[in-house]
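Student: Have a look at this one.
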Amino acid sequence: MKNSSRLIALTGAGILALSACGSAPEEGGSGGSDGGGSDFKACMVSDSGGWKDKSFNESGYNGLKAAEKDLSIATQTAESTSDSDFTPNINNLVSSQCDLIYTVGYLLAPATGAAAEANPDVEFAIIDSTAQDADGNPVEYDNVKPIEFDTAQAAFLAGYLAAGMSETDKVATYGGMDIPTVTIFMDGYADGVAHYNEVHGTNVEVLGWNKEKQEGSIVGTFEDQSKGKAVSDEFYNAGADIVMPVAGPVGAGTLASAKEHDGAKVIWVDSDGYETNGSDPAAQQVILTSVMKKIGESVQDVTKGAADGSFESTPYVGTLENEGVGLAPFHDFEDKVSDELKGELDTLRQDIIDGKVTVQSDASPKAK
């Protein structure tokens, strides 16, 4: 698994070096050179999922726009439609005199590292990763702030919840790509189910992921929703009644599948899926909860610090303790999750914070 993750990074880096163009950056904001407010300009590059992914790109974008409003700064964005857009999009923003450039996602790590090294006077922040060199090795730069999340902690709670809510004793998960920011969710989820089994003497099975072997269902895309639909159909038909897709927009295929299977439920990731799917009430009705990363809030905080002149490269790591990760409300399932299970989740959350229960994943951000 680790080899395939590195292969993805290397392939991405090779493609990036060959690319010569990217999407035209979009201007925004009323600050900076556009008149009024601060002279500071914050910018952001998406990964190929785009700004409307109902997941981490959209969360980052919303955080940037909130910072624009609150701080009266200028902003600019560049939406990637493929991996080959990463480097030119970053370079376009550098040329647009951005003071701070966010890159969204692990796959942008090599491009971020190259840009940071070439432009030491520009500040960068990368969401869900550290910067990498061309060989995919993590590299620290004084002008790059990693924004990472120990989502295994919140996914552990989600796995425990899924095991407690399952009526078939089978739950499932799958990933979009075989990369650490995906597998960290799946590790935590599988361990949460195992912990429920240990506490309650049950035997709830996890389809789609073997944490020990680091093998499972990886659909190979963050874009093709039909693959999310197909793998979810397989899970529900095999008896699973709760599926957690870790695949960005591909998760919409799981929602489509769940709507076709009686009793099927979905656990969303990154953002509160109930809120981001507000235009689809039928989808909302199958979302049990979401494993959230507070990406928007972290973008606002980092932008404020940089605009105030206090940017620093110390990594931010979101945890249950600092509320950088957590479970979303149960929404339509609020009355269907028992008070007993809710109490167990509250206790478990505090036990993780206090170190009484240890959540481990090879993909978790390492202590710096």
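We label chains A, B, ... in the order they appear in the structure tokens, count residues from 1 in each chain, and number ligands from 1 in the order shown.
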Give me the residues within 6 Å of Val144 of chain A as a PyMOL selection string, counting only C-alpha atoms and dropping any in the same chain fewer than 5 places off.
Tutor: chain A and resi 124-125+313
Student: Would you give me, as a Markdown table, each residue of segment 25-115 of chain A having an atom within 6 Å of an atom of segment 269-292 of chain A, along with its shortest atom pair and that distance in Å to one decimal, using only C-alpha atoms and sorting by chain and residue number?
Tutor:
| residue | atom | partner | partner_atom | distance |
| --- | --- | --- | --- | --- |
| A:Lys54 | CA | A:Thr276 | CA | 5.5 |
| A:Ser55 | CA | A:Asp270 | CA | 5.4 |
| A:Phe56 | CA | A:Asp270 | CA | 5.6 |
Student: Given the selection you just returned, output its residues as a file containing N, CA and C atoms, formatted as a PDB file, in the first residue's frame.
Tutor:
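Heads up, here's the output in result35.pdb:
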ATOM      1  N   LYS A  54     -18.393  18.962  -2.475  1.00  0.00           N
ATOM      2  CA  LYS A  54     -19.147  18.665  -1.245  1.00  0.00           C
ATOM      3  C   LYS A  54     -18.252  17.988  -0.216  1.00  0.00           C
ATOM      4  N   SER A  55     -16.975  18.306  -0.275  1.00  0.00           N
ATOM      5  CA  SER A  55     -15.986  17.657   0.576  1.00  0.00           C
ATOM      6  C   SER A  55     -14.881  18.649   0.895  1.00  0.00           C
ATOM      7  N   PHE A  56     -13.604  18.203   0.852  1.00  0.00           N
ATOM      8  CA  PHE A  56     -12.545  19.037   1.407  1.00  0.00           C
ATOM      9  C   PHE A  56     -12.173  20.239   0.542  1.00  0.00           C
TER      10      PHE A  56
END
Student: Can you tell me, as a PDB file with C-alpha atoms, in the first residue's frame, which residues in segment 268-317 of chain A count as strand (DSSP E or B) by DSSP?
Tutor:
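What landed in states.pdb:
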ATOM      1  CA  TRP A 268     -19.975  10.979   4.911  1.00  0.00           C
ATOM      2  CA  VAL A 269     -16.452  12.372   5.363  1.00  0.00           C
ATOM      3  CA  ASP A 270     -14.593  15.700   5.448  1.00  0.00           C
ATOM      4  CA  ILE A 287     -26.750  10.142   6.013  1.00  0.00           C
ATOM      5  CA  LEU A 288     -26.230   8.860   9.552  1.00  0.00           C
ATOM      6  CA  THR A 289     -23.406  11.277  10.392  1.00  0.00           C
ATOM      7  CA  SER A 290     -20.142  12.588   8.940  1.00  0.00           C
ATOM      8  CA  VAL A 291     -16.486  12.363   9.965  1.00  0.00           C
ATOM      9  CA  MET A 292     -15.570  16.032   9.792  1.00  0.00           C
ATOM     10  CA  LYS A 293     -12.297  17.843   9.312  1.00  0.00           C
ATOM     11  CA  TYR A 316      -1.445  22.482  12.529  1.00  0.00           C
ATOM     12  CA  VAL A 317      -2.855  19.068  13.456  1.00  0.00           C
TER      13      VAL A 317
END
Student: Using only C-alpha atoms, can you tell me which of A:Lys366, A:Lys213, A:Lys259, A:Lys265 comes closest to Thr173 of chain A?
Tutor: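 Closest residue, counting only C-alpha atoms: A:Lys265.
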Student: Which residues are near segment 99-110 of chain A? Cut-off 6 Å, only C-alpha atoms, ignore same chain within fewer than 6 positions. Put them as a short mmCIF file (atom, residue, chain, number, x, y, z; two decimals) with N, CA and C atoms, in the first residue's frame.
Tutor:
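File part-v2.cif, as written:
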data_model
loop_
_atom_site.label_atom_id
_atom_site.label_comp_id
_atom_site.auth_asym_id
_atom_site.auth_seq_id
_atom_site.Cartn_x
_atom_site.Cartn_y
_atom_site.Cartn_z
N ALA A 13 4.05 13.89 -9.83
CA ALA A 13 5.16 14.81 -9.99
C ALA A 13 5.66 14.81 -11.42
N LYS A 41 -3.25 39.37 0.15
CA LYS A 41 -3.97 38.56 -0.82
C LYS A 41 -3.74 37.08 -0.55
N ALA A 42 -4.82 36.37 -0.29
CA ALA A 42 -4.77 34.93 -0.04
C ALA A 42 -5.39 34.19 -1.21
N CYS A 43 -4.75 33.10 -1.62
CA CYS A 43 -5.17 32.38 -2.82
C CYS A 43 -5.24 30.88 -2.54
N MET A 44 -5.87 30.15 -3.46
CA MET A 44 -6.06 28.71 -3.22
C MET A 44 -6.17 27.96 -4.54
N VAL A 45 -5.52 26.79 -4.57
CA VAL A 45 -5.59 25.87 -5.71
C VAL A 45 -6.30 24.60 -5.27
N SER A 46 -7.31 24.18 -6.01
CA SER A 46 -8.01 22.93 -5.69
C SER A 46 -7.27 21.73 -6.26
N ASP A 47 -7.66 20.54 -5.80
CA ASP A 47 -7.22 19.36 -6.52
C ASP A 47 -8.27 19.08 -7.60
N VAL A 122 7.12 33.82 -0.87
CA VAL A 122 5.68 33.55 -0.88
C VAL A 122 5.37 32.53 0.20
N GLU A 123 4.33 32.76 0.96
CA GLU A 123 3.92 31.82 2.00
C GLU A 123 2.91 30.82 1.43
N PHE A 124 3.07 29.56 1.83
CA PHE A 124 2.19 28.49 1.36
C PHE A 124 1.60 27.76 2.57
N ALA A 125 0.42 27.20 2.37
CA ALA A 125 -0.17 26.29 3.35
C ALA A 125 -0.78 25.14 2.57
N ILE A 126 -0.45 23.91 2.93
CA ILE A 126 -0.98 22.76 2.22
C ILE A 126 -1.92 21.98 3.13
N ILE A 127 -3.10 21.72 2.64
CA ILE A 127 -4.13 21.03 3.40
C ILE A 127 -4.02 19.53 3.19
N ASP A 128 -3.98 18.80 4.28
CA ASP A 128 -3.95 17.33 4.26
C ASP A 128 -2.60 16.74 3.90
N SER A 129 -1.54 17.50 4.06
CA SER A 129 -0.23 16.94 3.73
C SER A 129 0.88 17.87 4.21
N ALA A 131 4.66 19.38 2.48
CA ALA A 131 5.27 19.51 1.16
C ALA A 131 6.15 18.30 0.90
N GLN A 132 6.34 17.97 -0.38
CA GLN A 132 7.19 16.85 -0.76
C GLN A 132 8.18 17.29 -1.84
N ASP A 133 9.30 16.55 -1.93
CA ASP A 133 10.21 16.78 -3.04
C ASP A 133 9.73 15.97 -4.25
N ALA A 134 10.49 16.02 -5.33
CA ALA A 134 10.06 15.37 -6.56
C ALA A 134 9.98 13.85 -6.43
#
Student: Per DSSP on the backbone, what are the alpha helix (DSSP H) residues of segment 36-269 of chain A, as a PyMOL selection string?
Tutor: chain A and resi 56-71+86-95+109-118+151-165+180-200+225-237+251-258
Student: What is the distance between atom CA of Tyr160 of chain A and atom CA of Pro315 of chain A, in Å to one decimal?
Tutor: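 Result for atom CA of Tyr160 of chain A versus atom CA of Pro315 of chain A: 28.8 Å, one decimal.
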Student: Select, from A:Arg349, A:Lys211, A:Lys145, A:Lys304, the residue with the minimum atom-to-atom distance to Met186 of chain A, counting only C-alpha atoms.
Tutor: A:Lys211
Student: Would you pick out the contacts of Gly251 of chain A at 6 Å or less, using only C-alpha atoms, so that residues sharing its chain but fewer than 4 positions from it are not included, and give the list as a list in words?
Tutor: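 Skipping anything fewer than 4 positions along the chain leaves Gly228, Pro245 and Ala247 of chain A.
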Student: With N, CA and C atoms kept, could you save the residues just selected as a PDB file, in the first residue's frame?
Tutor:
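Wrote part13.pdb, looks like this:
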ATOM      1  N   GLY A 228     -18.326   4.666  -7.450  1.00  0.00           N
ATOM      2  CA  GLY A 228     -18.839   4.691  -6.082  1.00  0.00           C
ATOM      3  C   GLY A 228     -20.173   3.987  -5.979  1.00  0.00           C
ATOM      4  N   PRO A 245     -17.951   6.090   2.394  1.00  0.00           N
ATOM      5  CA  PRO A 245     -17.065   6.357   1.260  1.00  0.00           C
ATOM      6  C   PRO A 245     -16.027   7.410   1.631  1.00  0.00           C
ATOM      7  N   ALA A 247     -13.952   9.230  -0.619  1.00  0.00           N
ATOM      8  CA  ALA A 247     -13.649   9.375  -2.042  1.00  0.00           C
ATOM      9  C   ALA A 247     -14.125  10.696  -2.631  1.00  0.00           C
TER      10      ALA A 247
END
Student: Of the candidates A:Ile90, A:Ala67, A:Ala190, A:Ile353, which one gets nearest to Glu323 of chain A if we count only C-alpha atoms?
Tutor: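 Nearest to Glu323 of chain A: A:Ile353.
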Student: Restricting the calculation to only C-alpha atoms, which member of A:Asn210, A:Thr347, A:Thr87, A:Asn119 is positioned closest to Ala172 of chain A?
Tutor: A:Asn210
Student: State, in Å with one decimal place, the distance from atom CA of Tyr174 of chain A to atom CA of Thr319 of chain A.
Tutor: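 It comes out at 22.5 Å.
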Student: When distances are computed from only C-alpha atoms, which of A:Gly164, A:Gly208, A:Gly216, A:Gly355 shows the smallest separation from Ala194 of chain A?
Tutor: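 Among A:Gly164, A:Gly208, A:Gly216, A:Gly355, it is A:Gly164 that comes nearest to Ala194 of chain A.
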